[in-house]
Amino acid sequence: MAPTETLTAERILATTEDVLRRHGAAKATVVDVARALGVSHAAVYRHFRTKAALREAVTERWLDRTTAELRRVVDDRSVPADERLRRWFTTLFAAKREKAGADPELFATYEVLLGENSGVVERHIADLVDHLRLILQEGVSRGELALPVADAALAARAVFDATGRFHDPGYAREWSAPGIDEAFTAVVELTLAALRP
């Protein structure tokens, strides 16, 4: 980092992603991040109080990219609710598969946070379930969907759980297996069929 550049949280997070990609979640340290930035590790700690806080912030930033893509699908009200659900699940599965395959070091960080019961992961899942709730509620109000339960939030969680094989990191090894695309399509189509009036 040039001496005239300001050390910001965003610069630290971007550099931390690079360090995690190079060293992996188990070996990357705050000292590695500081070295890559050309600052002391104390300077990094002024922005993030602990290594865990830095790791959580990196993971949140990484997950927020997927959440933003999915939010665009939720907000596209020109499309019927069942088609939005199909697009939403397709976008989610593609994003998770891409993260697991093309960004395995950051995916490993995400898995570490899952094991630590991180609030970042819980918030991410809550955001995803809320996306589904919004689509379901709108679909019901437009007469496009019918929920088998009265509570849209409960229905959203059930739909999320039913499709877990295609977004839960515990299944990541299956995401490149032969036949996974057909299995994904079958689950999504059966889910949509159960939601149509």
# chains A, B, ... in the order shown; residues from 1 in each chain; ligands from 1
>>> residues_around(residues="range 41-46 of chain A", least_positions_apart="5", cutoff="10 Å", atoms="only C-alpha atoms", output="number ranges by chain")
A: 7-9, 12-13, 29-35, 51, 53-54
>>> write_last_selection(atoms="C-alpha atoms", output="compact mmCIF listing (two decimals), in the first residue's frame")
# COMPACT_ATOMS: atom_id res chain seq x y z
CA LEU A 7 -6.30 2.26 5.24
CA THR A 8 -10.03 1.57 5.12
CA ALA A 9 -12.14 -1.38 6.19
CA ILE A 12 -8.59 -4.55 4.47
CA LEU A 13 -11.48 -6.81 3.46
CA THR A 29 -3.27 -14.65 9.70
CA VAL A 30 -3.85 -11.00 10.44
CA VAL A 31 -0.08 -10.54 10.09
CA ASP A 32 -0.34 -11.87 6.51
CA VAL A 33 -3.08 -9.33 5.79
CA ALA A 34 -1.08 -6.49 7.35
CA ARG A 35 2.03 -7.49 5.39
CA LYS A 51 -9.22 -12.27 13.68
CA ALA A 53 -14.32 -10.34 13.46
CA LEU A 54 -12.22 -9.88 10.32
>>> residues_around(residues="Val187 in chain A", least_positions_apart="2", cutoff="12 Å", atoms="only C-alpha atoms", output="PyMOL selection string")
chain A and resi 86+89-90+159-166+180-185+189-194
>>> write_last_selection(atoms="C-alpha atoms", output="PDB file, in the first residue's frame")
ATOM      1  CA  ARG A  86     -37.514 -20.751 -10.193  1.00  0.00           C
ATOM      2  CA  PHE A  89     -33.370 -20.984  -6.771  1.00  0.00           C
ATOM      3  CA  THR A  90     -31.439 -21.221 -10.042  1.00  0.00           C
ATOM      4  CA  VAL A 159     -39.351 -24.249   0.870  1.00  0.00           C
ATOM      5  CA  PHE A 160     -35.817 -23.185   1.794  1.00  0.00           C
ATOM      6  CA  ASP A 161     -35.265 -26.366   3.797  1.00  0.00           C
ATOM      7  CA  ALA A 162     -36.760 -28.561   1.070  1.00  0.00           C
ATOM      8  CA  THR A 163     -34.175 -27.297  -1.402  1.00  0.00           C
ATOM      9  CA  GLY A 164     -31.251 -27.487   1.035  1.00  0.00           C
ATOM     10  CA  ARG A 165     -29.340 -30.022  -1.036  1.00  0.00           C
ATOM     11  CA  PHE A 166     -28.698 -27.254  -3.567  1.00  0.00           C
ATOM     12  CA  ILE A 180     -27.294 -32.969 -10.104  1.00  0.00           C
ATOM     13  CA  ASP A 181     -28.877 -30.544 -12.582  1.00  0.00           C
ATOM     14  CA  GLU A 182     -31.719 -32.954 -13.261  1.00  0.00           C
ATOM     15  CA  ALA A 183     -32.196 -33.497  -9.519  1.00  0.00           C
ATOM     16  CA  PHE A 184     -32.260 -29.732  -8.965  1.00  0.00           C
ATOM     17  CA  THR A 185     -34.863 -29.227 -11.684  1.00  0.00           C
ATOM     18  CA  GLU A 189     -40.551 -28.169 -10.231  1.00  0.00           C
ATOM     19  CA  LEU A 190     -42.145 -30.342  -7.539  1.00  0.00           C
ATOM     20  CA  THR A 191     -41.904 -27.449  -5.073  1.00  0.00           C
ATOM     21  CA  LEU A 192     -43.504 -25.056  -7.552  1.00  0.00           C
ATOM     22  CA  ALA A 193     -46.265 -27.553  -8.374  1.00  0.00           C
ATOM     23  CA  ALA A 194     -47.115 -27.773  -4.666  1.00  0.00           C
TER      24      ALA A 194
END
>>> residues_around(residues="Thr67 in chain A", least_positions_apart="6", cutoff="8 Å", atoms="only C-alpha atoms", output="PyMOL selection string")
chain A and resi 124+127-128
>>> write_last_selection(atoms="N, CA, C and O atoms", output="mmCIF file, in the first residue's frame")
data_model
loop_
_atom_site.group_PDB
_atom_site.id
_atom_site.type_symbol
_atom_site.label_atom_id
_atom_site.label_comp_id
_atom_site.auth_asym_id
_atom_site.auth_seq_id
_atom_site.Cartn_x
_atom_site.Cartn_y
_atom_site.Cartn_z
ATOM 1 N N HIS A 124 -27.436 -14.286 6.982
ATOM 2 C CA HIS A 124 -27.505 -14.628 5.556
ATOM 3 C C HIS A 124 -28.706 -15.543 5.296
ATOM 4 O O HIS A 124 -29.502 -15.286 4.383
ATOM 5 N N ASP A 127 -31.934 -13.664 5.631
ATOM 6 C CA ASP A 127 -32.180 -12.834 4.438
ATOM 7 C C ASP A 127 -32.743 -13.673 3.296
ATOM 8 O O ASP A 127 -33.683 -13.271 2.612
ATOM 9 N N LEU A 128 -32.162 -14.855 3.085
ATOM 10 C CA LEU A 128 -32.622 -15.717 2.004
ATOM 11 C C LEU A 128 -34.061 -16.176 2.239
ATOM 12 O O LEU A 128 -34.890 -16.150 1.319
#
>>> closest_residue(among="A:Asp130, A:Ala81, A:Glu69, A:Glu111", to="Ala146 in chain A", atoms="only C-alpha atoms")
A:Ala81
>>> select_by_dssp(residues="range 48-181 of chain A", states="alpha helix (DSSP H)", output="short mmCIF file (atom, residue, chain, number, x, y, z; two decimals) with N, CA, C and O atoms, in the first residue's frame")
data_model
loop_
_atom_site.label_atom_id
_atom_site.label_comp_id
_atom_site.auth_asym_id
_atom_site.auth_seq_id
_atom_site.Cartn_x
_atom_site.Cartn_y
_atom_site.Cartn_z
N LYS A 51 -9.32 -11.51 14.93
CA LYS A 51 -9.22 -12.27 13.68
C LYS A 51 -10.61 -12.81 13.32
O LYS A 51 -10.99 -12.80 12.15
N ALA A 52 -11.36 -13.24 14.31
CA ALA A 52 -12.71 -13.76 14.05
C ALA A 52 -13.61 -12.67 13.46
O ALA A 52 -14.39 -12.93 12.55
N ALA A 53 -13.49 -11.45 13.98
CA ALA A 53 -14.32 -10.34 13.46
C ALA A 53 -13.94 -10.04 12.01
O ALA A 53 -14.82 -9.77 11.18
N LEU A 54 -12.67 -10.10 11.70
CA LEU A 54 -12.22 -9.88 10.32
C LEU A 54 -12.73 -10.99 9.41
O LEU A 54 -13.26 -10.72 8.33
N ARG A 55 -12.63 -12.21 9.86
CA ARG A 55 -13.10 -13.35 9.07
C ARG A 55 -14.61 -13.25 8.83
O ARG A 55 -15.11 -13.49 7.74
N GLU A 56 -15.36 -12.86 9.86
CA GLU A 56 -16.80 -12.68 9.71
C GLU A 56 -17.12 -11.57 8.70
O GLU A 56 -18.02 -11.72 7.88
N ALA A 57 -16.40 -10.47 8.78
CA ALA A 57 -16.65 -9.36 7.86
C ALA A 57 -16.36 -9.75 6.42
O ALA A 57 -17.10 -9.38 5.50
N VAL A 58 -15.29 -10.51 6.21
CA VAL A 58 -14.96 -10.97 4.86
C VAL A 58 -16.06 -11.89 4.34
O VAL A 58 -16.52 -11.78 3.20
N THR A 59 -16.51 -12.79 5.18
CA THR A 59 -17.55 -13.74 4.78
C THR A 59 -18.86 -13.00 4.49
O THR A 59 -19.53 -13.30 3.50
N GLU A 60 -19.19 -12.03 5.33
CA GLU A 60 -20.41 -11.25 5.11
C GLU A 60 -20.35 -10.52 3.77
O GLU A 60 -21.31 -10.52 2.99
N ARG A 61 -19.22 -9.92 3.49
CA ARG A 61 -19.02 -9.20 2.22
C ARG A 61 -19.18 -10.16 1.03
O ARG A 61 -19.81 -9.85 0.03
N TRP A 62 -18.63 -11.34 1.18
CA TRP A 62 -18.66 -12.37 0.14
C TRP A 62 -20.10 -12.86 -0.06
O TRP A 62 -20.57 -12.98 -1.18
N LEU A 63 -20.81 -13.10 1.02
CA LEU A 63 -22.20 -13.57 0.94
C LEU A 63 -23.13 -12.48 0.42
O LEU A 63 -24.11 -12.77 -0.27
N ASP A 64 -22.84 -11.24 0.77
CA ASP A 64 -23.69 -10.12 0.33
C ASP A 64 -23.75 -10.01 -1.18
O ASP A 64 -24.75 -9.54 -1.73
N ARG A 65 -22.71 -10.45 -1.86
CA ARG A 65 -22.74 -10.42 -3.33
C ARG A 65 -23.86 -11.33 -3.85
O ARG A 65 -24.58 -10.97 -4.78
N THR A 66 -23.99 -12.50 -3.26
CA THR A 66 -25.05 -13.42 -3.66
C THR A 66 -26.41 -12.86 -3.27
O THR A 66 -27.36 -12.90 -4.06
N THR A 67 -26.51 -12.32 -2.08
CA THR A 67 -27.77 -11.76 -1.62
C THR A 67 -28.23 -10.65 -2.55
O THR A 67 -29.43 -10.55 -2.87
N ALA A 68 -27.31 -9.82 -3.02
CA ALA A 68 -27.67 -8.73 -3.94
C ALA A 68 -28.20 -9.27 -5.26
O ALA A 68 -29.18 -8.75 -5.80
N GLU A 69 -27.57 -10.33 -5.79
CA GLU A 69 -28.06 -10.95 -7.03
C GLU A 69 -29.48 -11.48 -6.84
O GLU A 69 -30.35 -11.30 -7.69
N LEU A 70 -29.70 -12.14 -5.72
CA LEU A 70 -31.01 -12.72 -5.44
C LEU A 70 -32.06 -11.64 -5.22
O LEU A 70 -33.21 -11.79 -5.62
N ARG A 71 -31.65 -10.55 -4.61
CA ARG A 71 -32.60 -9.46 -4.35
C ARG A 71 -33.14 -8.89 -5.67
O ARG A 71 -34.30 -8.50 -5.75
N ARG A 72 -32.31 -8.85 -6.69
CA ARG A 72 -32.78 -8.38 -8.00
C ARG A 72 -33.88 -9.28 -8.54
O ARG A 72 -34.84 -8.81 -9.15
N VAL A 73 -33.77 -10.58 -8.30
CA VAL A 73 -34.81 -11.51 -8.73
C VAL A 73 -36.10 -11.24 -7.94
O VAL A 73 -37.18 -11.18 -8.51
N VAL A 74 -35.97 -11.06 -6.64
CA VAL A 74 -37.13 -10.78 -5.78
C VAL A 74 -37.85 -9.53 -6.25
O VAL A 74 -39.08 -9.48 -6.31
N ASP A 75 -37.08 -8.50 -6.59
CA ASP A 75 -37.65 -7.20 -6.93
C ASP A 75 -38.23 -7.11 -8.34
O ASP A 75 -38.90 -6.14 -8.67
N ALA A 81 -44.83 -15.00 -9.86
CA ALA A 81 -44.15 -15.48 -8.65
C ALA A 81 -43.50 -16.85 -8.84
O ALA A 81 -42.39 -17.08 -8.36
N ASP A 82 -44.17 -17.77 -9.53
CA ASP A 82 -43.56 -19.10 -9.69
C ASP A 82 -42.27 -19.02 -10.52
O ASP A 82 -41.29 -19.68 -10.22
N GLU A 83 -42.26 -18.16 -11.53
CA GLU A 83 -41.05 -17.99 -12.34
C GLU A 83 -39.96 -17.29 -11.53
O GLU A 83 -38.77 -17.62 -11.65
N ARG A 84 -40.35 -16.34 -10.68
CA ARG A 84 -39.35 -15.69 -9.82
C ARG A 84 -38.73 -16.70 -8.85
O ARG A 84 -37.52 -16.66 -8.60
N LEU A 85 -39.56 -17.58 -8.30
CA LEU A 85 -39.02 -18.63 -7.42
C LEU A 85 -38.04 -19.51 -8.17
O LEU A 85 -36.95 -19.82 -7.67
N ARG A 86 -38.41 -19.92 -9.38
CA ARG A 86 -37.51 -20.75 -10.19
C ARG A 86 -36.20 -20.01 -10.44
O ARG A 86 -35.12 -20.57 -10.26
N ARG A 87 -36.27 -18.75 -10.84
CA ARG A 87 -35.05 -17.95 -11.09
C ARG A 87 -34.24 -17.77 -9.82
O ARG A 87 -33.01 -17.82 -9.84
N TRP A 88 -34.94 -17.55 -8.70
CA TRP A 88 -34.26 -17.34 -7.42
C TRP A 88 -33.46 -18.58 -7.05
O TRP A 88 -32.28 -18.49 -6.72
N PHE A 89 -34.07 -19.75 -7.12
CA PHE A 89 -33.37 -20.98 -6.77
C PHE A 89 -32.25 -21.28 -7.76
O PHE A 89 -31.18 -21.74 -7.37
N THR A 90 -32.47 -21.00 -9.03
CA THR A 90 -31.44 -21.22 -10.04
C THR A 90 -30.25 -20.31 -9.78
O THR A 90 -29.09 -20.73 -9.85
N THR A 91 -30.52 -19.06 -9.45
CA THR A 91 -29.46 -18.10 -9.14
C THR A 91 -28.70 -18.51 -7.89
O THR A 91 -27.46 -18.46 -7.85
N LEU A 92 -29.43 -18.93 -6.86
CA LEU A 92 -28.79 -19.35 -5.61
C LEU A 92 -27.91 -20.57 -5.84
O LEU A 92 -26.75 -20.59 -5.41
N PHE A 93 -28.43 -21.57 -6.52
CA PHE A 93 -27.65 -22.79 -6.75
C PHE A 93 -26.40 -22.48 -7.57
O PHE A 93 -25.30 -22.93 -7.25
N ALA A 94 -26.56 -21.67 -8.61
CA ALA A 94 -25.40 -21.30 -9.44
C ALA A 94 -24.35 -20.54 -8.62
O ALA A 94 -23.15 -20.80 -8.74
N ALA A 95 -24.81 -19.63 -7.78
CA ALA A 95 -23.87 -18.85 -6.95
C ALA A 95 -23.14 -19.74 -5.95
O ALA A 95 -21.92 -19.62 -5.78
N LYS A 96 -23.87 -20.62 -5.30
CA LYS A 96 -23.24 -21.50 -4.31
C LYS A 96 -22.26 -22.46 -4.99
O LYS A 96 -21.16 -22.70 -4.49
N ARG A 97 -22.65 -22.98 -6.13
CA ARG A 97 -21.78 -23.89 -6.86
C ARG A 97 -20.52 -23.16 -7.32
O ARG A 97 -19.42 -23.70 -7.24
N GLU A 98 -20.70 -21.93 -7.80
CA GLU A 98 -19.55 -21.12 -8.23
C GLU A 98 -18.62 -20.84 -7.06
O GLU A 98 -17.40 -20.95 -7.17
N LYS A 99 -19.19 -20.48 -5.92
CA LYS A 99 -18.36 -20.18 -4.75
C LYS A 99 -17.59 -21.41 -4.30
O LYS A 99 -16.41 -21.32 -3.96
N ALA A 100 -18.23 -22.56 -4.29
CA ALA A 100 -17.57 -23.78 -3.84
C ALA A 100 -16.49 -24.21 -4.82
O ALA A 100 -15.42 -24.68 -4.41
N GLY A 101 -16.74 -24.04 -6.12
CA GLY A 101 -15.79 -24.51 -7.12
C GLY A 101 -14.72 -23.51 -7.49
O GLY A 101 -13.55 -23.87 -7.62
N ALA A 102 -15.11 -22.25 -7.64
CA ALA A 102 -14.16 -21.25 -8.12
C ALA A 102 -13.49 -20.46 -7.00
O ALA A 102 -12.49 -19.80 -7.21
N PRO A 104 -12.76 -21.81 -3.53
CA PRO A 104 -12.82 -22.78 -2.44
C PRO A 104 -12.26 -22.29 -1.11
O PRO A 104 -12.74 -22.71 -0.05
N GLU A 105 -11.29 -21.38 -1.15
CA GLU A 105 -10.73 -20.90 0.11
C GLU A 105 -11.74 -20.05 0.88
O GLU A 105 -11.88 -20.18 2.09
N LEU A 106 -12.45 -19.18 0.18
CA LEU A 106 -13.46 -18.39 0.87
C LEU A 106 -14.66 -19.25 1.24
O LEU A 106 -15.30 -19.03 2.27
N PHE A 107 -14.96 -20.25 0.44
CA PHE A 107 -16.02 -21.18 0.79
C PHE A 107 -15.64 -21.92 2.07
O PHE A 107 -16.49 -22.14 2.94
N ALA A 108 -14.38 -22.27 2.21
CA ALA A 108 -13.91 -22.93 3.44
C ALA A 108 -14.07 -22.00 4.64
O ALA A 108 -14.42 -22.45 5.73
N THR A 109 -13.82 -20.72 4.45
CA THR A 109 -14.03 -19.75 5.54
C THR A 109 -15.49 -19.74 5.94
O THR A 109 -15.82 -19.72 7.13
N TYR A 110 -16.37 -19.76 4.97
CA TYR A 110 -17.81 -19.82 5.23
C TYR A 110 -18.14 -21.07 6.04
O TYR A 110 -18.89 -21.01 7.02
N GLU A 111 -17.56 -22.20 5.68
CA GLU A 111 -17.82 -23.43 6.41
C GLU A 111 -17.30 -23.36 7.84
O GLU A 111 -17.92 -23.88 8.76
N VAL A 112 -16.14 -22.70 8.04
CA VAL A 112 -15.61 -22.51 9.39
C VAL A 112 -16.61 -21.71 10.23
O VAL A 112 -16.92 -22.04 11.37
N LEU A 113 -17.15 -20.64 9.64
CA LEU A 113 -18.12 -19.82 10.36
C LEU A 113 -19.39 -20.59 10.67
O LEU A 113 -20.01 -20.38 11.72
N LEU A 114 -19.80 -21.48 9.78
CA LEU A 114 -20.96 -22.33 10.06
C LEU A 114 -20.71 -23.13 11.33
O LEU A 114 -21.58 -23.25 12.18
N GLY A 115 -19.50 -23.67 11.43
CA GLY A 115 -19.14 -24.46 12.61
C GLY A 115 -19.08 -23.64 13.88
O GLY A 115 -19.25 -24.17 14.98
N GLY A 119 -23.07 -15.35 13.65
CA GLY A 119 -24.23 -14.52 13.37
C GLY A 119 -24.29 -14.13 11.91
O GLY A 119 -25.38 -13.88 11.38
N VAL A 120 -23.15 -14.07 11.22
CA VAL A 120 -23.12 -13.71 9.80
C VAL A 120 -23.89 -14.75 8.99
O VAL A 120 -24.71 -14.40 8.14
N VAL A 121 -23.66 -16.00 9.27
CA VAL A 121 -24.34 -17.07 8.54
C VAL A 121 -25.82 -17.06 8.86
O VAL A 121 -26.67 -17.19 7.97
N GLU A 122 -26.15 -16.89 10.12
CA GLU A 122 -27.57 -16.83 10.52
C GLU A 122 -28.29 -15.68 9.83
O GLU A 122 -29.42 -15.84 9.36
N ARG A 123 -27.65 -14.52 9.75
CA ARG A 123 -28.27 -13.37 9.07
C ARG A 123 -28.43 -13.64 7.57
O ARG A 123 -29.44 -13.27 6.98
N HIS A 124 -27.44 -14.29 6.98
CA HIS A 124 -27.51 -14.63 5.56
C HIS A 124 -28.71 -15.54 5.30
O HIS A 124 -29.50 -15.29 4.38
N ILE A 125 -28.84 -16.57 6.09
CA ILE A 125 -29.96 -17.49 5.91
C ILE A 125 -31.28 -16.78 6.15
O ILE A 125 -32.25 -16.97 5.40
N ALA A 126 -31.34 -15.93 7.17
CA ALA A 126 -32.57 -15.17 7.44
C ALA A 126 -32.93 -14.28 6.25
O ALA A 126 -34.11 -14.18 5.88
N ASP A 127 -31.93 -13.66 5.63
CA ASP A 127 -32.18 -12.83 4.44
C ASP A 127 -32.74 -13.67 3.30
O ASP A 127 -33.68 -13.27 2.61
N LEU A 128 -32.16 -14.85 3.08
CA LEU A 128 -32.62 -15.72 2.00
C LEU A 128 -34.06 -16.18 2.24
O LEU A 128 -34.89 -16.15 1.32
N VAL A 129 -34.36 -16.57 3.45
CA VAL A 129 -35.72 -17.01 3.77
C VAL A 129 -36.70 -15.85 3.61
O VAL A 129 -37.82 -16.03 3.11
N ASP A 130 -36.27 -14.66 3.97
CA ASP A 130 -37.14 -13.50 3.81
C ASP A 130 -37.41 -13.20 2.33
O ASP A 130 -38.51 -12.80 1.97
N HIS A 131 -36.42 -13.41 1.49
CA HIS A 131 -36.64 -13.26 0.04
C HIS A 131 -37.79 -14.17 -0.39
O HIS A 131 -38.70 -13.75 -1.12
N LEU A 132 -37.72 -15.41 0.04
CA LEU A 132 -38.76 -16.37 -0.33
C LEU A 132 -40.12 -15.95 0.22
O LEU A 132 -41.14 -16.05 -0.48
N ARG A 133 -40.13 -15.46 1.45
CA ARG A 133 -41.39 -14.99 2.05
C ARG A 133 -42.01 -13.89 1.20
O ARG A 133 -43.22 -13.91 0.93
N LEU A 134 -41.19 -12.96 0.76
CA LEU A 134 -41.70 -11.86 -0.05
C LEU A 134 -42.30 -12.35 -1.36
O LEU A 134 -43.38 -11.91 -1.77
N ILE A 135 -41.61 -13.25 -2.03
CA ILE A 135 -42.13 -13.80 -3.29
C ILE A 135 -43.42 -14.57 -3.04
O ILE A 135 -44.40 -14.42 -3.78
N LEU A 136 -43.43 -15.39 -2.00
CA LEU A 136 -44.63 -16.18 -1.69
C LEU A 136 -45.82 -15.29 -1.37
O LEU A 136 -46.93 -15.50 -1.89
N GLN A 137 -45.60 -14.30 -0.53
CA GLN A 137 -46.70 -13.40 -0.15
C GLN A 137 -47.26 -12.68 -1.38
O GLN A 137 -48.47 -12.57 -1.54
N GLU A 138 -46.37 -12.18 -2.21
CA GLU A 138 -46.84 -11.49 -3.40
C GLU A 138 -47.56 -12.44 -4.34
O GLU A 138 -48.57 -12.10 -4.95
N GLY A 139 -47.04 -13.65 -4.47
CA GLY A 139 -47.68 -14.65 -5.32
C GLY A 139 -49.08 -14.98 -4.85
O GLY A 139 -50.01 -15.12 -5.66
N VAL A 140 -49.26 -15.07 -3.54
CA VAL A 140 -50.59 -15.34 -2.99
C VAL A 140 -51.51 -14.15 -3.24
O VAL A 140 -52.65 -14.31 -3.69
N SER A 141 -51.01 -12.94 -2.99
CA SER A 141 -51.85 -11.74 -3.17
C SER A 141 -52.25 -11.54 -4.63
O SER A 141 -53.32 -10.99 -4.91
N ALA A 152 -46.81 -17.29 5.81
CA ALA A 152 -45.86 -17.20 4.69
C ALA A 152 -44.41 -17.39 5.14
O ALA A 152 -43.61 -17.97 4.41
N ALA A 153 -44.08 -16.93 6.34
CA ALA A 153 -42.71 -17.10 6.85
C ALA A 153 -42.41 -18.57 7.08
O ALA A 153 -41.32 -19.06 6.76
N LEU A 154 -43.38 -19.29 7.62
CA LEU A 154 -43.21 -20.73 7.84
C LEU A 154 -43.10 -21.47 6.50
O LEU A 154 -42.26 -22.35 6.33
N ALA A 155 -43.93 -21.08 5.55
CA ALA A 155 -43.87 -21.68 4.21
C ALA A 155 -42.52 -21.40 3.56
O ALA A 155 -41.92 -22.29 2.93
N ALA A 156 -42.02 -20.18 3.69
CA ALA A 156 -40.73 -19.81 3.11
C ALA A 156 -39.61 -20.66 3.69
O ALA A 156 -38.75 -21.15 2.95
N ARG A 157 -39.63 -20.84 5.00
CA ARG A 157 -38.59 -21.67 5.64
C ARG A 157 -38.69 -23.11 5.16
O ARG A 157 -37.69 -23.78 4.91
N ALA A 158 -39.92 -23.61 5.01
CA ALA A 158 -40.10 -24.98 4.54
C ALA A 158 -39.57 -25.16 3.11
O ALA A 158 -38.89 -26.14 2.80
N VAL A 159 -39.84 -24.19 2.25
CA VAL A 159 -39.35 -24.25 0.87
C VAL A 159 -37.82 -24.17 0.86
O VAL A 159 -37.15 -24.90 0.12
N PHE A 160 -37.27 -23.31 1.69
CA PHE A 160 -35.82 -23.18 1.79
C PHE A 160 -35.20 -24.51 2.24
O PHE A 160 -34.24 -25.00 1.65
N ASP A 161 -35.79 -25.10 3.28
CA ASP A 161 -35.26 -26.37 3.80
C ASP A 161 -35.41 -27.49 2.79
O ASP A 161 -34.53 -28.34 2.66
N ALA A 162 -36.51 -27.50 2.05
CA ALA A 162 -36.76 -28.56 1.07
C ALA A 162 -35.74 -28.56 -0.06
O ALA A 162 -35.48 -29.60 -0.67
N ILE A 180 -26.87 -33.96 -11.10
CA ILE A 180 -27.29 -32.97 -10.10
C ILE A 180 -28.23 -31.92 -10.71
O ILE A 180 -29.17 -31.47 -10.06
N ASP A 181 -28.00 -31.54 -11.96
CA ASP A 181 -28.88 -30.54 -12.58
C ASP A 181 -30.29 -31.08 -12.76
O ASP A 181 -31.27 -30.36 -12.52
#
>>> atom_distance(atom1="CA of Leu37 in chain A", atom2="CA of Glu10 in chain A")
11.9 Å
>>> atom_distance(atom1="CA of Asp168 in chain A", atom2="CA of Gly24 in chain A")
20.6 Å
>>> decode(residues="range 170-183 of chain A", atoms="N, CA, C and O atoms", output="compact mmCIF listing (two decimals), in the first residue's frame")
# COMPACT_ATOMS: atom_id res chain seq x y z
N GLY A 170 -23.03 -28.26 3.30
CA GLY A 170 -22.78 -29.66 3.62
C GLY A 170 -22.91 -30.58 2.42
O GLY A 170 -22.39 -31.69 2.40
N TYR A 171 -23.61 -30.11 1.39
CA TYR A 171 -23.82 -30.89 0.17
C TYR A 171 -22.89 -30.46 -0.97
O TYR A 171 -23.05 -30.93 -2.10
N ALA A 172 -21.96 -29.59 -0.71
CA ALA A 172 -21.13 -29.00 -1.77
C ALA A 172 -20.45 -30.04 -2.65
O ALA A 172 -20.32 -29.83 -3.86
N ARG A 173 -20.05 -31.16 -2.09
CA ARG A 173 -19.37 -32.19 -2.90
C ARG A 173 -20.31 -32.77 -3.95
O ARG A 173 -19.85 -33.28 -4.96
N GLU A 174 -21.61 -32.72 -3.71
CA GLU A 174 -22.57 -33.27 -4.67
C GLU A 174 -22.86 -32.32 -5.83
O GLU A 174 -23.43 -32.74 -6.83
N TRP A 175 -22.51 -31.04 -5.69
CA TRP A 175 -22.92 -30.03 -6.66
C TRP A 175 -22.30 -30.19 -8.04
O TRP A 175 -22.76 -29.56 -8.99
N SER A 176 -21.29 -31.01 -8.16
CA SER A 176 -20.70 -31.27 -9.48
C SER A 176 -20.91 -32.71 -9.91
O SER A 176 -20.37 -33.14 -10.93
N ALA A 177 -21.71 -33.46 -9.17
CA ALA A 177 -21.95 -34.87 -9.48
C ALA A 177 -22.84 -35.01 -10.72
O ALA A 177 -23.67 -34.14 -10.99
N PRO A 178 -22.66 -36.08 -11.45
CA PRO A 178 -23.54 -36.33 -12.60
C PRO A 178 -25.00 -36.41 -12.13
O PRO A 178 -25.29 -36.97 -11.07
N GLY A 179 -25.87 -35.81 -12.90
CA GLY A 179 -27.30 -35.86 -12.59
C GLY A 179 -27.78 -34.79 -11.62
O GLY A 179 -28.98 -34.71 -11.34
N ILE A 180 -26.87 -33.96 -11.10
CA ILE A 180 -27.29 -32.97 -10.10
C ILE A 180 -28.23 -31.92 -10.71
O ILE A 180 -29.17 -31.47 -10.06
N ASP A 181 -28.00 -31.54 -11.96
CA ASP A 181 -28.88 -30.54 -12.58
C ASP A 181 -30.29 -31.08 -12.76
O ASP A 181 -31.27 -30.36 -12.52
N GLU A 182 -30.40 -32.34 -13.13
CA GLU A 182 -31.72 -32.95 -13.26
C GLU A 182 -32.40 -33.06 -11.89
O GLU A 182 -33.61 -32.82 -11.78
N ALA A 183 -31.64 -33.41 -10.87
CA ALA A 183 -32.20 -33.50 -9.52
C ALA A 183 -32.68 -32.13 -9.05
O ALA A 183 -33.75 -32.00 -8.45
